[in-house]
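Peer 1: The structure that follows is given in the form of structure tokens.
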Amino acid sequence: MPVTEVRASAEDFLGMPVSRFLREFWQKEALLIRQAFPGYKAPLSPEDLAGLACEEAALSRLVTYKRKLDQWQLRTGPFAESEFPKLGKKDWTLLVQDMDKWDSDVRALLDRFRFLPAWRVDDIMISFATPGGSVGPHVDQYDVFLLQVQGHRRWQVDASTDAPRAFRADAELKLLQEFTASDEWVLEPGDILYLPPGVPHHGEAVDACMTFSVGMRAPSQAELIVDLAEELAARLPEESRYSDPDLTEPNDPFEIDDAALARVDQAISSLQSLGAAEKREWFGRFITRYRAAGEVSAGPRVPSLASVETSLAKGGLLLRHPFSRAAWVADGPTRSGNALLFVSGESFAMDRRSAHVLASYEALDDAALAKLDAAGRTALGELLQRGHYHLKRASRTRE
Ligand code: SIN
Ligand code: CO
């Protein structure tokens, strides 16, 4: 079956209603969407991207393909500016992760992806490739929307269910040993290729091109279990341990008998006895910490909540740190009940409206502040102390 190709319309950038996309394609099948973002202009240039790749804090990679030898070379940043002119005119790609955190115009693109839970979205990675540049055929563990922003890229995918997935041993990149394309297209600016996890793909630049990858994140079951177990373990006192006050003399002292195994079950029973409320709180804290892009910490001078309130009243804004991850959960079964807000691994109790405002607003103004209940304000004060917001005072206009 060939991969489905659709053309987007002004109403449906996915080329279909969201409900159909989620039902038929999300996490299931690849989809090519022609002209999902017609006329979208890159908010930054390849030079800006290269500039960022020279910064210590940015996560950047450079992939060079030695075509004659069929060899890929991977280098991680930061890079020196002087390195770029030496790379030549073809067969290399520069990739920078977390561009949504570094550039608010790039971040604005995420508004179009609010049909997915925001906490499922990881980042927007931007790649710039010279003709022939690629990262080689590979598979990703996460869903990705590959938006062609500038130039043209030839994408090949192997959408067959029995596609081989063994990696090549000779490259630092996790390249596939074997790759045979079942489908192939040249993407133009504005086109999107959606890939669910596990579909082998290979994208080669036709001309100098820029691709934005909106990538998802999904914790592995192993990560979830380890984190939950660590959380429970931290709560258990040293004295809570395997105990056998009911011990009778064993038949064979070297046998681990059924009574002993029953006591082991007892000792690890807290794993099953975790209540629904505790599980909500643990997951919210976990997922807002998971794959964090960078540390958030307060600057040397943090304004008090009172002075912030005065500034907001004069037209100032509180801007959330781009690396802060936030989500909220309803705390209890009723619709009007309380909620928990999570920010980068910490939880705060408040009403639902406050939790919604603090989780979803990137900038808080006077009107947003007025929507917070007392607990929401207290939480905001604490978040301010921890560096999750910074104040942008209203610019003074001359009269
Ligand atoms: C790229 O942008 O060059 C690679 C993106 C991907 O294959 O996931
Ligand atoms: Co990929």
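To be explicit about the labels: the chains of the structure tokens are called A, B, and onward in the order shown, and within each one the residues are counted from 1, while ligands get numbers from 1 in the order they are shown.
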Please write out the residues within 8 Å of ligand 1 as a ChimeraX atom specification, counting only C-alpha atoms and all ligand atoms.
Peer 2: /A:93,95,125-129,133-140,144,146,201-204,210-213
Peer 1: Can you list, as JSON, numbers by chain, every residue of region 198-308 of chain A that DSSP puts in helix (DSSP H, G or I)?
Peer 2: {"A": [221, 222, 223, 224, 225, 226, 227, 228, 229, 230, 231, 232, 233, 234, 235, 258, 259, 260, 261, 262, 263, 264, 265, 266, 267, 269, 270, 271, 276, 277, 278, 279, 280, 281, 282, 283, 284, 285, 286, 287, 305, 306, 307, 308]}
Peer 1: Name the residues of region 91-159 of chain A that come out as strand (DSSP E or B) in a backbone DSSP run; write them as a PyMOL selection string.
Peer 2: chain A and resi 92-96+121-129+138+144-150+153-157
Peer 1: Selected residues, N, CA, C and O atoms, written as a tab-separated table (two decimals), in the first residue's frame, please.
Peer 2:
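Result file is again07.tsv:
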chain	number	residue	atom	x	y	z
A	92	TRP	N	26.72	17.93	3.50
A	92	TRP	CA	26.74	18.04	4.96
A	92	TRP	C	25.43	18.65	5.48
A	92	TRP	O	24.71	19.34	4.74
A	93	THR	N	25.14	18.33	6.72
A	93	THR	CA	23.91	18.80	7.38
A	93	THR	C	24.25	19.31	8.76
A	93	THR	O	24.99	18.65	9.49
A	94	LEU	N	23.70	20.43	9.12
A	94	LEU	CA	23.83	20.95	10.48
A	94	LEU	C	22.46	20.84	11.14
A	94	LEU	O	21.45	21.26	10.57
A	95	LEU	N	22.40	20.24	12.33
A	95	LEU	CA	21.12	20.06	13.02
A	95	LEU	C	21.18	20.70	14.40
A	95	LEU	O	22.16	20.47	15.14
A	96	VAL	N	20.18	21.49	14.75
A	96	VAL	CA	20.14	22.09	16.08
A	96	VAL	C	18.79	21.74	16.73
A	96	VAL	O	17.72	22.00	16.17
A	121	VAL	N	4.77	16.88	23.13
A	121	VAL	CA	5.68	17.51	22.16
A	121	VAL	C	7.05	17.70	22.82
A	121	VAL	O	7.15	18.20	23.94
A	122	ASP	N	8.09	17.29	22.11
A	122	ASP	CA	9.43	17.44	22.65
A	122	ASP	C	10.06	18.75	22.23
A	122	ASP	O	10.34	19.63	23.03
A	123	ASP	N	10.26	18.91	20.92
A	123	ASP	CA	10.95	20.10	20.46
A	123	ASP	C	10.78	20.29	18.96
A	123	ASP	O	10.19	19.44	18.28
A	124	ILE	N	11.30	21.42	18.49
A	124	ILE	CA	11.44	21.61	17.04
A	124	ILE	C	12.94	21.62	16.76
A	124	ILE	O	13.68	22.45	17.29
A	125	MET	N	13.35	20.62	15.97
A	125	MET	CA	14.75	20.58	15.56
A	125	MET	C	14.82	21.20	14.17
A	125	MET	O	13.93	20.98	13.35
A	126	ILE	N	15.88	21.98	13.91
A	126	ILE	CA	16.02	22.56	12.58
A	126	ILE	C	17.30	22.02	11.95
A	126	ILE	O	18.35	21.96	12.60
A	127	SER	N	17.16	21.60	10.71
A	127	SER	CA	18.37	21.17	10.01
A	127	SER	C	18.57	22.05	8.78
A	127	SER	O	17.61	22.47	8.13
A	128	PHE	N	19.84	22.33	8.52
A	128	PHE	CA	20.20	22.99	7.27
A	128	PHE	C	21.13	22.04	6.53
A	128	PHE	O	22.10	21.54	7.11
A	129	ALA	N	20.80	21.75	5.28
A	129	ALA	CA	21.63	20.80	4.52
A	129	ALA	C	22.04	21.41	3.20
A	129	ALA	O	21.27	22.12	2.55
A	138	HIS	N	17.51	5.90	8.68
A	138	HIS	CA	17.40	5.55	10.10
A	138	HIS	C	15.95	5.40	10.51
A	138	HIS	O	15.04	5.71	9.72
A	144	VAL	N	7.14	12.19	14.26
A	144	VAL	CA	7.76	13.44	13.82
A	144	VAL	C	6.98	14.03	12.65
A	144	VAL	O	6.45	13.29	11.80
A	145	PHE	N	6.84	15.36	12.66
A	145	PHE	CA	6.27	16.08	11.52
A	145	PHE	C	7.44	16.81	10.87
A	145	PHE	O	8.04	17.70	11.49
A	146	LEU	N	7.79	16.42	9.65
A	146	LEU	CA	8.96	17.00	8.96
A	146	LEU	C	8.45	18.08	8.01
A	146	LEU	O	7.85	17.77	6.98
A	147	LEU	N	8.67	19.31	8.39
A	147	LEU	CA	8.18	20.43	7.58
A	147	LEU	C	9.32	20.98	6.73
A	147	LEU	O	10.36	21.40	7.26
A	148	GLN	N	9.10	20.97	5.43
A	148	GLN	CA	10.10	21.54	4.52
A	148	GLN	C	9.90	23.05	4.53
A	148	GLN	O	8.80	23.53	4.27
A	149	VAL	N	10.93	23.78	4.88
A	149	VAL	CA	10.78	25.23	5.04
A	149	VAL	C	11.46	26.01	3.91
A	149	VAL	O	10.95	27.02	3.44
A	150	GLN	N	12.62	25.50	3.50
A	150	GLN	CA	13.34	26.17	2.40
A	150	GLN	C	13.95	25.11	1.51
A	150	GLN	O	14.39	24.07	2.02
A	153	ARG	N	13.83	18.68	-0.46
A	153	ARG	CA	14.46	17.48	0.09
A	153	ARG	C	13.75	16.25	-0.46
A	153	ARG	O	12.52	16.19	-0.51
A	154	ARG	N	14.55	15.28	-0.89
A	154	ARG	CA	13.96	14.01	-1.35
A	154	ARG	C	13.82	13.10	-0.15
A	154	ARG	O	14.81	12.76	0.51
A	155	TRP	N	12.58	12.75	0.19
A	155	TRP	CA	12.35	11.81	1.30
A	155	TRP	C	12.02	10.45	0.74
A	155	TRP	O	11.21	10.32	-0.18
A	156	GLN	N	12.66	9.45	1.30
A	156	GLN	CA	12.32	8.07	0.98
A	156	GLN	C	11.90	7.41	2.30
A	156	GLN	O	12.52	7.66	3.34
A	157	VAL	N	10.86	6.59	2.26
A	157	VAL	CA	10.47	5.85	3.45
A	157	VAL	C	10.28	4.38	3.06
A	157	VAL	O	10.03	4.07	1.90
Peer 1: Write out as number ranges by chain the residues lying within 7 Å of region 351-366 of chain A, counting only C-alpha atoms and excluding same-chain residues fewer than 4 positions away.
Peer 2: A: 312-313, 316-320, 326-328, 330, 337-341, 370-373, 376
Peer 1: Please, what distance in Å, to one decimal, runs between CA of Gln272 (chain A) and CA of Tyr290 (chain A)?
Peer 2: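 If I compute the distance from CA of Gln272 (chain A) to CA of Tyr290 (chain A), I get 23.0 Å.
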Peer 1: Could you list, as JSON, numbers by chain, every residue within 7 Å of Ser324 (chain A), counting only C-alpha atoms and ignoring same-chain residues fewer than 6 positions away?
Peer 2: {"A": [296, 343, 344, 388]}
Peer 1: Limited to N, CA, C and O atoms, could you put the picked residues into a file as a PDB file, in the first residue's frame?
Peer 2:
ATOM      1  N   VAL A 296      16.542  25.231  34.599  1.00  0.00           N
ATOM      2  CA  VAL A 296      15.968  26.563  34.815  1.00  0.00           C
ATOM      3  C   VAL A 296      16.442  27.020  36.190  1.00  0.00           C
ATOM      4  O   VAL A 296      16.274  26.304  37.176  1.00  0.00           O
ATOM      5  N   VAL A 343       5.234  22.006  37.141  1.00  0.00           N
ATOM      6  CA  VAL A 343       6.214  22.769  36.360  1.00  0.00           C
ATOM      7  C   VAL A 343       7.585  22.128  36.588  1.00  0.00           C
ATOM      8  O   VAL A 343       8.063  22.062  37.731  1.00  0.00           O
ATOM      9  N   SER A 344       8.152  21.625  35.533  1.00  0.00           N
ATOM     10  CA  SER A 344       9.503  21.033  35.566  1.00  0.00           C
ATOM     11  C   SER A 344       9.727  20.152  36.799  1.00  0.00           C
ATOM     12  O   SER A 344      10.717  20.326  37.519  1.00  0.00           O
ATOM     13  N   HIS A 388      11.367  30.493  36.803  1.00  0.00           N
ATOM     14  CA  HIS A 388      10.506  30.052  35.706  1.00  0.00           C
ATOM     15  C   HIS A 388       9.843  31.212  34.948  1.00  0.00           C
ATOM     16  O   HIS A 388       9.230  30.996  33.912  1.00  0.00           O
TER      17      HIS A 388
END
Peer 1: For Pro303 (chain A), which of A:Ala262, A:His390, A:Ser270, A:Phe348 is the closest residue, counting only C-alpha atoms?
Peer 2: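 Of A:Ala262, A:His390, A:Ser270, A:Phe348, the one nearest Pro303 (chain A), counting only C-alpha atoms, is A:His390.
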Peer 1: Between A:Met99, A:Leu193, A:Leu224, A:Leu380, which has the minimum distance to ligand 2 (counting only C-alpha atoms and all ligand atoms)?
Peer 2: A:Leu193
Peer 1: Which residue, A:Ala375, A:Leu274, A:Ile192, A:Phe113, has the smallest gap to Arg235 (chain A) when you use only C-alpha atoms?
Peer 2: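 Between A:Ala375, A:Leu274, A:Ile192, A:Phe113, the residue approaching Arg235 (chain A) most closely is A:Leu274.
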Peer 1: With a distance cut-off of 8 Å and only C-alpha atoms, select the neighbouring residues of region 4-12 of chain A, excluding the residue or stretch itself and same-chain residues fewer than 4 positions from it, and output the selection as a list in words.
Peer 2: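 In the requested form, the answer reads Met16, Pro17, Val18, Ala30, Leu31, Leu32, Ile33, Arg34, Gln35 and Ala36 of chain A.
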Peer 1: Those residues you just picked out, can you put them in a file as a short mmCIF file (atom, residue, chain, number, x, y, z; two decimals), in the first residue's frame with N, CA and C atoms?
Peer 2:
data_model
loop_
_atom_site.label_atom_id
_atom_site.label_comp_id
_atom_site.auth_asym_id
_atom_site.auth_seq_id
_atom_site.Cartn_x
_atom_site.Cartn_y
_atom_site.Cartn_z
N MET A 16 -7.08 17.01 6.26
CA MET A 16 -8.26 16.27 6.72
C MET A 16 -8.60 16.77 8.12
N PRO A 17 -9.80 16.49 8.61
CA PRO A 17 -10.10 16.91 9.98
C PRO A 17 -9.16 16.20 10.97
N VAL A 18 -8.86 16.90 12.06
CA VAL A 18 -7.97 16.35 13.08
C VAL A 18 -8.43 14.96 13.52
N ALA A 30 2.38 6.57 7.93
CA ALA A 30 2.99 7.80 7.41
C ALA A 30 1.96 8.55 6.56
N LEU A 31 2.14 9.87 6.46
CA LEU A 31 1.22 10.69 5.66
C LEU A 31 2.01 11.85 5.06
N LEU A 32 1.82 12.07 3.76
CA LEU A 32 2.45 13.22 3.13
C LEU A 32 1.39 14.29 2.93
N ILE A 33 1.63 15.47 3.49
CA ILE A 33 0.66 16.56 3.38
C ILE A 33 1.28 17.66 2.53
N ARG A 34 0.77 17.82 1.33
CA ARG A 34 1.27 18.87 0.44
C ARG A 34 0.69 20.22 0.88
N GLN A 35 1.56 21.20 0.94
CA GLN A 35 1.18 22.59 1.23
C GLN A 35 0.40 22.76 2.55
N ALA A 36 0.92 22.10 3.60
CA ALA A 36 0.32 22.25 4.93
C ALA A 36 0.52 23.69 5.43
#
Peer 1: For Asp111 (chain A), which residue out of A:Val214, A:Met1, A:Phe25, A:Glu278 is the nearest one, using only C-alpha atoms?
Peer 2: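 Residue with the minimum atom-to-atom distance to Asp111 (chain A): A:Val214.
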Peer 1: Go ahead and compute the interatomic distance for CA of Asp48 (chain A) and CA of Lys90 (chain A), in Å to one decimal.
Peer 2: 19.1 Å
Peer 1: Just to confirm, what's the straight-line distance from CA of Ser220 (chain A) to CA of Lys279 (chain A) in Å (one decimal)?
Peer 2: 16.7 Å
Peer 1: Ranking A:Leu271, A:Ala118, A:Leu173, A:Leu369 by minimum distance to Thr310 (chain A) and counting only C-alpha atoms, which one comes first?
Peer 2: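 Of A:Leu271, A:Ala118, A:Leu173, A:Leu369, the one nearest Thr310 (chain A) is A:Leu369, counting only C-alpha atoms.
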Peer 1: Would you please work out which residue, of A:Arg301, A:Lys174, A:Arg263, A:Arg386, is nearest to ligand 2 when using only C-alpha atoms and all ligand atoms?
Peer 2: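 Smallest separation from ligand 2 among the options: A:Lys174.
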